[in-house]
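Here's the structure we're looking at; comments come further down.
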There are 2 protein chains.
Amino acid sequence: MRLPAYIKSMAQLSAESESKIAQAFHRRELQKGELLFRQGEVCHHIFYIEKGLARVFYNTESGKDVTAWFFADNNFFTAHDSFYQHKPAPNNCELLEDSDVYTLTYSEMVAMLNDNHDMAKFAFHTVYLLAKQQAEFINGIKFQSAEERYNALMHHYPNIFQRAKLRHIASFLGITQETLSRIRGGK
Amino acid sequence: MRLPAYIKSMAQLSAESESKIAQAFHRRELQKGELLFRQGEVCHHIFYIEKGLARVFYNTESGKDVTAWFFADNNFFTAHDSFYQHKPAPNNCELLEDSDVYTLTYSEMVAMLNDNHDMAKFAFHTVYLLAKQQAEFINGIKFQSAEERYNALMHHYPNIFQRAKLRHIASFLGITQETLSRIRGGK
DNA sequence: ATCATTTTTTGATCTGGATCAATTTTTTCC
DNA sequence: GGAAAAAATTGATCCAGATCAAAAAATGAT
C-alpha cells in the first residue's frame with residue numbers, strides 16, 4: 001500500500017518509516033454489505049479505505065438506524081475508543097460499495113508504536129483529522145436548518161447522493177428521509 | 001506541573017518523559033473573562049486547565065453566540081487545527097472562572113516532538129480524548145429531544161449549572177435558553 | 001420482460017421548540 | 001443597601017420539520 005500524500009506531508013514521516021508503515025497494512029478486497037466492526041464487539045483493526053465507501057451507524061432504543069459517519073476513499077478510520085481501549089464498539093460499520101481496504105491489527109500497531117517514533121506521529125494525525133472533521137460537524141449542526149445542513153453537505157461532498165442511500169444521508173444530517181427528499185426536490 | 005494520572009496511564013510515558021513534558025509547561029493564574037484564543041487569529045498554545053472552566057464559542061452570521069465546547073479541570077485543549085496548521089482559529093475561548101492554566105507554545109511542542117517519542121504519544125492522547133468526546137456528542141445530538149439532551153448533560157456533568165450561565169449551556173446543547181429554562185423548571 | 005422488494009416521493013396533520021415580548025430574579029458595584 | 005445591569009423565567013404565538021400514510025419509482029431476481 002502507498003500512504004496518501006496528505007498523511008506524508010502532515011506527519012512528516014521519514015521515507016523509512018513511511019514504507020514501514022505502508023507495508024505493515026494488509027490489503028483486502030471486500031464486498032458491499034460486509035461489516036468491518038460491530039456494535040458491542042471489540043474492534044481489533046485500524047482501516048484504510050483506498051477506494052470505496054463505509055458507513056458507521058448505530059441503532060437507537062426506538063429501533064431507528066442512525067448514520068454516525070461516512071468514510072470514503074483514502075481515509076484512515078477505526079472505532080477509536082474500542083480499538084485503543086479494547087472496549088465494545090458503540091457502532092457498526094458496513095461497506096456501502098465493494099471496497100479496497102487495508103487493515104492493521106492493534107498488536108501490529110503497538111509493536112510499531114513502541115519501536116518507531118514516526119508511528120506515533122502517524123497515529124496522532126489519523127485521530128487529529130477525525131477530531132477536526134467532527135469539530136466542524138458539531139459547529140455546523142447546532143441551530144442550522146435542515147436545508148442549511150443539506151447545502152453544507154452538498155458543498156463539500158457533492159456526489160454523496162450517487163453513492164449512499166437517501167435514508168443514510170438523512171440520518172447522518174439528523175433529519176428524516178421525507179424532509180431530505182422534499183429539500184432535494186426543491187420543496 | 002504534574003501530569004494528570006489519566007494521561008500517564010493511557011500514554012504509558014516513561015518517568016523521564018513525563019517530567020520533561022510536565023516541566024515544559026508554564027503556569028499562569030488567569031482571571032475570569034480572559035480570552036485564551038480568538039476567532040480569526042492563530043492560536044499559538046496548547047493549554048492544560050488544572051482548575052477552572054473555559055468555554056469555546058463562535059458567533060454565527062446572524063450574530064448569535066454559540067458555545068462549541070466546555071473544558072473544565074484537568075483537561076488539555078487548544079484550537080487544534082489552528083495550533084497545528086497555523087491557521088486562523090474558528091472560535092474564541094474565554095475563561096468562565098478564575099483558572100489555573102498551564103501553557104506550552106507550538107515551537108516548544110515541536111522541539112519536544114522531534115526529540116522525544118513519548119511526546120508524540122502524549123500529543124496523540126490529547127486529540128484522541130477530544131475525538132472520543134466529540135463522537136459521543138455527535139451520537140447524542142441527532143434526533144434527541146431538548147429534554148433528552150438536558151438529561152444526558154446532567155448525567156455526566158451534574159454541577160455544570162453552578163459553573164456556567166444558562167444561555168451558554170443552552171447553546172452548547174443546541175437549544176434556546178427559554179426552552180432550557182422551561183425544561184429545568186419541570187415545564 | 002415480469003413480478004417482488006426496496007427506495008423515494010408526495011400528501012395531510014400535528015407538535016416541539018423557536019421567536020417575540022414582558023416580567024421577575026439575581027448579580028454587580030458605587 | 002439600593003440603583004443599575006445582567007440573567008432567568010414566564011406567556012403567547014407560530015412554523016419547520018416530525019409523523020403517519022399511501023402512491024410512485026427504482027432496483028433486483030427469476
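In the C-alpha cells, chains take the letters A, B, ... in the order shown, each chain's residues start at 1, and ligands count up from 1 in the order shown.
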Practice prompt. Write out as a PyMOL selection string every residue belonging to chain D that has an atom at most 10 Å from any atom of chain B, counting only C-alpha atoms (C1' of nucleotides).
Written response: chain D and resi 7-10
Discussion item. Excluding Thr105 (chain A) and its own-chain neighbours fewer than 5 positions away, which residues fall within 8 Å of it when counting only C-alpha atoms (C1' of nucleotides)? Please give them as a PyMOL selection string.
Written reply: chain A and resi 44-46
Write out the residues from the selection above, keeping C-alpha atoms, as a PDB file, in the first residue's frame.
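Okay, this is what ended up in again_29.pdb:
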ATOM      1  CA  HIS A  44      -9.282  -5.049  16.529  1.00  0.00           C
ATOM      2  CA  HIS A  45      -8.259  -3.191  13.390  1.00  0.00           C
ATOM      3  CA  ILE A  46      -7.461   0.190  12.082  1.00  0.00           C
TER       4      ILE A  46
END
Worksheet item: If we count only C-alpha atoms (C1' of nucleotides), which residues of chain C reach to within 9 Å of chain A? Please list them as JSON, numbers by chain.
Response: {"C": [7, 8, 9, 10]}
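For region 57-60 of chain B, the non-local neighbours within 8 Å, defined as residues at least 2 positions apart in the same chain or in other chains and counting only C-alpha atoms (C1' of nucleotides), are Gln39, Arg55, Ser62, Gly63, Lys64, Asp65, Val66, Thr67, Ala68, Trp69, Pro90, Asn91, Asn92 and Cys93 of chain B.
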Practice prompt. Considering only C-alpha atoms (C1' of nucleotides), return as a PyMOL selection string whatever protein or nucleic-acid residues lie within 10 Å of DG11 (chain D), sequence-local ones (same chain, fewer than 3 positions apart) excluded.
Written response: chain C and resi 21-23
Practice prompt. Do me a favour and pick out the residues of chain B within 6 Å of chain A, using only C-alpha atoms, as a ChimeraX atom specification.
Written response: /B:117,120-121,124,127-128,131,142-143,174
Practice prompt. Could you find all residues in region 4-186 of chain B that DSSP calls strand (DSSP E or B) from the backbone, and write them as a VMD selection string?
Written response: chain B and resid 26 to 30 35 to 37 39 42 45 to 51 53 to 59 65 to 72 75 to 77 88 to 89 92 to 95 99 to 105
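In this structure, CA of Leu180 (chain A) sits 29.0 Å away from CA of Ile169 (chain B).
Among the candidates A:Leu36, A:Leu3, A:Val56, A:Leu153, the one nearest to Phe71 (chain A) when counting only C-alpha atoms is A:Val56.
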Practice prompt. Fewer than 4 positions away in the same chain doesn't count, so skip those; otherwise give me all residues within 12 Å of DA29 (chain D), counting only C-alpha atoms (C1' of nucleotides), as JSON, numbers by chain.
Written response: {"C": [2, 3, 4, 5]}
Next, the residues of the selection above should be written as a PDB file, in the first residue's frame with C-alpha atoms (C1' of nucleotides).
ATOM      1  C1'  DT C   2     -42.375  -9.523 -15.202  1.00  0.00           C
ATOM      2  C1'  DC C   3     -43.162  -9.675 -10.527  1.00  0.00           C
ATOM      3  C1'  DA C   4     -41.464  -8.536  -5.885  1.00  0.00           C
ATOM      4  C1'  DT C   5     -38.900  -5.918  -2.960  1.00  0.00           C
TER       5       DT C   5
END
Would you list the contacts of DC30 (chain C) as a PDB file with N, CA and C atoms (P, O5', C5', C4', C3', O3' and C1' of nucleotides), in the first residue's frame, taking every protein, DNA or RNA residue within 10 Å and counting only C-alpha atoms (C1' of nucleotides), but skipping same-chain residues closer than 2 positions in sequence?
ATOM      1  P    DT C  28     -21.652  38.639  40.286  1.00  0.00           P
ATOM      2  O5'  DT C  28     -21.663  40.225  40.044  1.00  0.00           O
ATOM      3  C5'  DT C  28     -22.094  40.717  38.774  1.00  0.00           C
ATOM      4  C4'  DT C  28     -21.997  42.244  38.771  1.00  0.00           C
ATOM      5  C3'  DT C  28     -20.769  42.789  39.483  1.00  0.00           C
ATOM      6  O3'  DT C  28     -20.213  43.819  38.674  1.00  0.00           O
ATOM      7  C1'  DT C  28     -22.737  43.767  40.370  1.00  0.00           C
TER       8       DT C  28
ATOM      9  P    DG D   2     -32.175  50.193  51.243  1.00  0.00           P
ATOM     10  O5'  DG D   2     -32.110  50.997  49.869  1.00  0.00           O
ATOM     11  C5'  DG D   2     -31.206  52.105  49.723  1.00  0.00           C
ATOM     12  C4'  DG D   2     -30.814  52.214  48.257  1.00  0.00           C
ATOM     13  C3'  DG D   2     -31.934  51.886  47.270  1.00  0.00           C
ATOM     14  O3'  DG D   2     -31.872  52.794  46.187  1.00  0.00           O
ATOM     15  C1'  DG D   2     -30.089  50.490  46.849  1.00  0.00           C
ATOM     16  P    DA D   3     -33.082  53.027  45.185  1.00  0.00           P
ATOM     17  O5'  DA D   3     -32.304  53.213  43.808  1.00  0.00           O
ATOM     18  C5'  DA D   3     -31.203  54.126  43.730  1.00  0.00           C
ATOM     19  C4'  DA D   3     -30.298  53.694  42.581  1.00  0.00           C
ATOM     20  C3'  DA D   3     -31.036  53.451  41.264  1.00  0.00           C
ATOM     21  O3'  DA D   3     -30.289  54.054  40.225  1.00  0.00           O
ATOM     22  C1'  DA D   3     -29.829  51.507  41.877  1.00  0.00           C
TER      23       DA D   3
END
Practice prompt. Mind checking which residues fall within 10 Å of region 20-22 of chain D, counting only C-alpha atoms (C1' of nucleotides), ignoring those fewer than 5 positions away in the same chain, and posting them as a list of chain:residue names?
Written response: C:DT10, C:DG11, C:DA12, C:DT13
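Counting only C-alpha atoms (C1' of nucleotides) and comparing D:DT30, D:DA6, D:DA23, D:DC15, the residue that lies closest to DG16 (chain C) is D:DC15.
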Tell me, which residues of chain A carry DSSP alpha helix (DSSP H), written as a tab-separated table (two decimals) with N, CA and C atoms, in the first residue's frame?
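The result, written out as part29.tsv:
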chain	number	residue	atom	x	y	z
A	5	ALA	N	-0.77	11.11	0.22
A	5	ALA	CA	0.12	12.27	0.30
A	5	ALA	C	-0.19	13.14	1.51
A	6	TYR	N	-1.47	13.28	1.85
A	6	TYR	CA	-1.78	14.20	2.94
A	6	TYR	C	-1.18	13.76	4.27
A	7	ILE	N	-1.12	12.45	4.49
A	7	ILE	CA	-0.52	11.97	5.75
A	7	ILE	C	0.99	12.18	5.72
A	8	LYS	N	1.58	11.90	4.58
A	8	LYS	CA	3.03	12.07	4.48
A	8	LYS	C	3.43	13.51	4.79
A	9	SER	N	2.69	14.45	4.20
A	9	SER	CA	3.12	15.83	4.41
A	9	SER	C	2.77	16.32	5.81
A	10	MET	N	1.64	15.88	6.33
A	10	MET	CA	1.28	16.36	7.66
A	10	MET	C	2.15	15.76	8.76
A	11	ALA	N	2.35	14.46	8.68
A	11	ALA	CA	3.06	13.81	9.77
A	11	ALA	C	4.58	13.91	9.60
A	15	ALA	N	11.30	8.64	5.05
A	15	ALA	CA	11.00	7.70	3.97
A	15	ALA	C	10.97	6.28	4.51
A	16	GLU	N	11.86	6.01	5.44
A	16	GLU	CA	11.93	4.66	6.02
A	16	GLU	C	10.65	4.32	6.79
A	17	SER	N	10.25	5.23	7.67
A	17	SER	CA	9.04	4.99	8.45
A	17	SER	C	7.84	4.84	7.54
A	18	GLU	N	7.81	5.69	6.53
A	18	GLU	CA	6.69	5.68	5.60
A	18	GLU	C	6.52	4.29	4.98
A	19	SER	N	7.63	3.73	4.51
A	19	SER	CA	7.46	2.44	3.84
A	19	SER	C	7.21	1.33	4.85
A	20	LYS	N	7.76	1.49	6.05
A	20	LYS	CA	7.50	0.52	7.12
A	20	LYS	C	6.01	0.48	7.46
A	21	ILE	N	5.43	1.66	7.63
A	21	ILE	CA	4.01	1.75	7.96
A	21	ILE	C	3.17	1.20	6.80
A	22	ALA	N	3.51	1.67	5.61
A	22	ALA	CA	2.73	1.27	4.44
A	22	ALA	C	2.74	-0.25	4.28
A	23	GLN	N	3.90	-0.87	4.52
A	23	GLN	CA	4.00	-2.31	4.31
A	23	GLN	C	3.36	-3.14	5.40
A	24	ALA	N	3.15	-2.53	6.55
A	24	ALA	CA	2.54	-3.28	7.64
A	24	ALA	C	1.06	-3.60	7.39
A	80	HIS	N	-12.31	4.22	17.35
A	80	HIS	CA	-11.10	4.59	18.10
A	80	HIS	C	-11.10	4.12	19.55
A	81	ASP	N	-12.20	4.38	20.24
A	81	ASP	CA	-12.21	4.06	21.65
A	81	ASP	C	-12.15	2.55	21.87
A	82	SER	N	-12.80	1.83	20.99
A	82	SER	CA	-12.77	0.37	21.08
A	82	SER	C	-11.37	-0.16	20.74
A	83	PHE	N	-10.81	0.33	19.68
A	83	PHE	CA	-9.51	-0.13	19.20
A	83	PHE	C	-8.40	0.13	20.23
A	84	TYR	N	-8.35	1.34	20.76
A	84	TYR	CA	-7.25	1.68	21.66
A	84	TYR	C	-7.48	1.21	23.09
A	85	GLN	N	-8.74	1.04	23.49
A	85	GLN	CA	-9.02	0.68	24.88
A	85	GLN	C	-9.62	-0.72	25.02
A	106	TYR	N	-4.33	-4.26	16.17
A	106	TYR	CA	-3.85	-3.48	17.31
A	106	TYR	C	-2.45	-3.92	17.72
A	107	SER	N	-2.23	-5.23	17.77
A	107	SER	CA	-0.91	-5.68	18.23
A	107	SER	C	0.19	-5.29	17.24
A	108	GLU	N	-0.14	-5.33	15.95
A	108	GLU	CA	0.85	-4.86	14.96
A	108	GLU	C	1.13	-3.38	15.15
A	109	MET	N	0.07	-2.66	15.44
A	109	MET	CA	0.21	-1.22	15.62
A	109	MET	C	1.05	-0.89	16.85
A	110	VAL	N	0.77	-1.57	17.96
A	110	VAL	CA	1.50	-1.31	19.19
A	110	VAL	C	2.99	-1.63	19.04
A	111	ALA	N	3.26	-2.73	18.37
A	111	ALA	CA	4.66	-3.09	18.15
A	111	ALA	C	5.39	-1.95	17.44
A	112	MET	N	4.71	-1.38	16.46
A	112	MET	CA	5.35	-0.29	15.71
A	112	MET	C	5.41	0.98	16.54
A	113	LEU	N	4.35	1.22	17.30
A	113	LEU	CA	4.33	2.43	18.14
A	113	LEU	C	5.53	2.45	19.07
A	114	ASN	N	5.87	1.28	19.61
A	114	ASN	CA	6.95	1.26	20.60
A	114	ASN	C	8.33	1.38	19.99
A	115	ASP	N	8.51	0.87	18.78
A	115	ASP	CA	9.86	0.97	18.25
A	115	ASP	C	10.01	2.11	17.26
A	117	HIS	N	9.14	6.14	16.54
A	117	HIS	CA	8.65	7.47	16.87
A	117	HIS	C	7.65	7.97	15.81
A	118	ASP	N	7.96	7.75	14.55
A	118	ASP	CA	7.10	8.24	13.47
A	118	ASP	C	5.72	7.58	13.48
A	119	MET	N	5.66	6.36	13.98
A	119	MET	CA	4.37	5.68	14.03
A	119	MET	C	3.43	6.43	14.97
A	120	ALA	N	3.98	6.94	16.05
A	120	ALA	CA	3.17	7.72	16.99
A	120	ALA	C	2.66	8.98	16.31
A	121	LYS	N	3.50	9.58	15.49
A	121	LYS	CA	3.06	10.76	14.74
A	121	LYS	C	1.94	10.40	13.77
A	122	PHE	N	2.11	9.26	13.14
A	122	PHE	CA	1.09	8.80	12.21
A	122	PHE	C	-0.23	8.60	12.94
A	123	ALA	N	-0.18	7.92	14.08
A	123	ALA	CA	-1.40	7.68	14.87
A	123	ALA	C	-2.02	9.01	15.27
A	124	PHE	N	-1.17	9.91	15.67
A	124	PHE	CA	-1.65	11.23	16.05
A	124	PHE	C	-2.45	11.86	14.91
A	125	HIS	N	-1.89	11.83	13.71
A	125	HIS	CA	-2.55	12.50	12.60
A	125	HIS	C	-3.85	11.84	12.15
A	126	THR	N	-3.94	10.55	12.34
A	126	THR	CA	-5.22	9.92	11.98
A	126	THR	C	-6.35	10.39	12.91
A	127	VAL	N	-6.07	10.48	14.20
A	127	VAL	CA	-7.13	10.98	15.10
A	127	VAL	C	-7.31	12.48	14.96
A	128	TYR	N	-6.22	13.17	14.73
A	128	TYR	CA	-6.29	14.62	14.59
A	128	TYR	C	-7.26	15.01	13.47
A	129	LEU	N	-7.14	14.33	12.33
A	129	LEU	CA	-8.02	14.66	11.20
A	129	LEU	C	-9.48	14.37	11.53
A	130	LEU	N	-9.69	13.29	12.24
A	130	LEU	CA	-11.06	12.96	12.64
A	130	LEU	C	-11.61	14.03	13.58
A	131	ALA	N	-10.80	14.40	14.58
A	131	ALA	CA	-11.24	15.41	15.56
A	131	ALA	C	-11.61	16.72	14.85
A	132	LYS	N	-10.81	17.06	13.87
A	132	LYS	CA	-11.05	18.29	13.12
A	132	LYS	C	-12.38	18.23	12.37
A	133	GLN	N	-12.62	17.12	11.69
A	133	GLN	CA	-13.87	17.00	10.93
A	133	GLN	C	-15.08	16.96	11.86
A	134	GLN	N	-14.92	16.29	12.97
A	134	GLN	CA	-16.02	16.23	13.93
A	134	GLN	C	-16.33	17.60	14.49
A	135	ALA	N	-15.28	18.37	14.77
A	135	ALA	CA	-15.48	19.72	15.32
A	135	ALA	C	-16.26	20.57	14.33
A	136	GLU	N	-15.93	20.44	13.05
A	136	GLU	CA	-16.67	21.19	12.03
A	136	GLU	C	-18.13	20.77	11.99
A	137	PHE	N	-18.34	19.48	12.09
A	137	PHE	CA	-19.70	18.97	12.07
A	137	PHE	C	-20.51	19.51	13.25
A	138	ILE	N	-19.89	19.50	14.42
A	138	ILE	CA	-20.58	19.97	15.63
A	138	ILE	C	-20.89	21.46	15.51
A	139	ASN	N	-19.92	22.22	15.03
A	139	ASN	CA	-20.19	23.64	14.84
A	139	ASN	C	-21.32	23.84	13.84
A	140	GLY	N	-21.40	22.92	12.86
A	140	GLY	CA	-22.39	23.08	11.81
A	140	GLY	C	-23.80	22.67	12.21
A	141	ILE	N	-23.95	21.72	13.09
A	141	ILE	CA	-25.27	21.14	13.29
A	141	ILE	C	-26.18	21.96	14.22
A	146	ALA	N	-32.60	22.24	8.37
A	146	ALA	CA	-32.37	21.05	7.56
A	146	ALA	C	-31.76	21.46	6.21
A	147	GLU	N	-32.25	22.55	5.65
A	147	GLU	CA	-31.76	22.97	4.34
A	147	GLU	C	-30.31	23.45	4.41
A	148	GLU	N	-29.95	24.15	5.47
A	148	GLU	CA	-28.56	24.58	5.62
A	148	GLU	C	-27.62	23.38	5.75
A	149	ARG	N	-28.07	22.38	6.48
A	149	ARG	CA	-27.22	21.19	6.64
A	149	ARG	C	-27.05	20.48	5.30
A	150	TYR	N	-28.13	20.42	4.56
A	150	TYR	CA	-28.08	19.80	3.23
A	150	TYR	C	-27.10	20.54	2.34
A	151	ASN	N	-27.21	21.87	2.32
A	151	ASN	CA	-26.32	22.66	1.47
A	151	ASN	C	-24.86	22.48	1.86
A	152	ALA	N	-24.61	22.45	3.16
A	152	ALA	CA	-23.23	22.27	3.61
A	152	ALA	C	-22.69	20.92	3.15
A	153	LEU	N	-23.51	19.90	3.26
A	153	LEU	CA	-23.07	18.57	2.84
A	153	LEU	C	-22.79	18.54	1.34
A	154	MET	N	-23.71	19.11	0.56
A	154	MET	CA	-23.55	19.12	-0.90
A	154	MET	C	-22.29	19.88	-1.29
A	155	HIS	N	-21.99	20.89	-0.50
A	155	HIS	CA	-20.83	21.72	-0.82
A	155	HIS	C	-19.52	20.94	-0.73
A	156	HIS	N	-19.36	20.19	0.36
A	156	HIS	CA	-18.06	19.51	0.41
A	156	HIS	C	-18.14	18.01	0.16
A	160	ILE	N	-22.27	12.58	-2.94
A	160	ILE	CA	-22.71	11.62	-1.93
A	160	ILE	C	-24.01	10.92	-2.32
A	161	PHE	N	-24.90	11.63	-3.04
A	161	PHE	CA	-26.18	11.02	-3.41
A	161	PHE	C	-26.05	9.92	-4.46
A	162	GLN	N	-24.93	9.93	-5.18
A	162	GLN	CA	-24.71	8.84	-6.12
A	162	GLN	C	-24.20	7.59	-5.40
A	163	ARG	N	-23.75	7.77	-4.16
A	163	ARG	CA	-23.06	6.66	-3.50
A	163	ARG	C	-23.79	6.10	-2.29
A	166	LEU	N	-30.56	7.64	0.33
A	166	LEU	CA	-31.16	8.85	0.89
A	166	LEU	C	-31.34	8.74	2.40
A	167	ARG	N	-31.83	7.62	2.85
A	167	ARG	CA	-32.11	7.50	4.29
A	167	ARG	C	-30.84	7.50	5.14
A	168	HIS	N	-29.73	7.00	4.55
A	168	HIS	CA	-28.47	7.04	5.29
A	168	HIS	C	-27.97	8.47	5.41
A	169	ILE	N	-28.14	9.20	4.34
A	169	ILE	CA	-27.70	10.60	4.35
A	169	ILE	C	-28.57	11.41	5.30
A	170	ALA	N	-29.88	11.15	5.26
A	170	ALA	CA	-30.80	11.89	6.12
A	170	ALA	C	-30.44	11.70	7.59
A	171	SER	N	-30.21	10.47	7.99
A	171	SER	CA	-29.93	10.27	9.42
A	171	SER	C	-28.55	10.81	9.78
A	172	PHE	N	-27.64	10.82	8.83
A	172	PHE	CA	-26.35	11.47	9.08
A	172	PHE	C	-26.55	12.94	9.40
A	173	LEU	N	-27.46	13.58	8.68
A	173	LEU	CA	-27.73	15.01	8.89
A	173	LEU	C	-28.65	15.25	10.09
A	177	GLN	N	-35.94	11.18	6.36
A	177	GLN	CA	-35.76	10.99	4.92
A	177	GLN	C	-36.81	11.76	4.12
A	178	GLU	N	-38.01	11.89	4.66
A	178	GLU	CA	-39.06	12.64	3.96
A	178	GLU	C	-38.64	14.11	3.80
A	179	THR	N	-38.13	14.67	4.87
A	179	THR	CA	-37.68	16.07	4.80
A	179	THR	C	-36.55	16.23	3.79
A	180	LEU	N	-35.59	15.31	3.82
A	180	LEU	CA	-34.48	15.41	2.89
A	180	LEU	C	-34.97	15.29	1.44
A	181	SER	N	-35.90	14.40	1.22
A	181	SER	CA	-36.44	14.23	-0.13
A	181	SER	C	-37.09	15.52	-0.62
A	182	ARG	N	-37.85	16.17	0.26
A	182	ARG	CA	-38.52	17.42	-0.12
A	182	ARG	C	-37.51	18.53	-0.39
A	183	ILE	N	-36.47	18.60	0.42
A	183	ILE	CA	-35.46	19.64	0.22
A	183	ILE	C	-34.75	19.43	-1.11
A	184	ARG	N	-34.37	18.19	-1.35
A	184	ARG	CA	-33.64	17.89	-2.57
A	184	ARG	C	-34.48	18.22	-3.79
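The coordinates place CA of Asp73 (chain A) at 24.0 Å from CA of Val42 (chain A).
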Worksheet entry | Point-to-point distance in Å for CA of Lys87 (chain B) and CA of Ala72 (chain B) | 24.8 Å
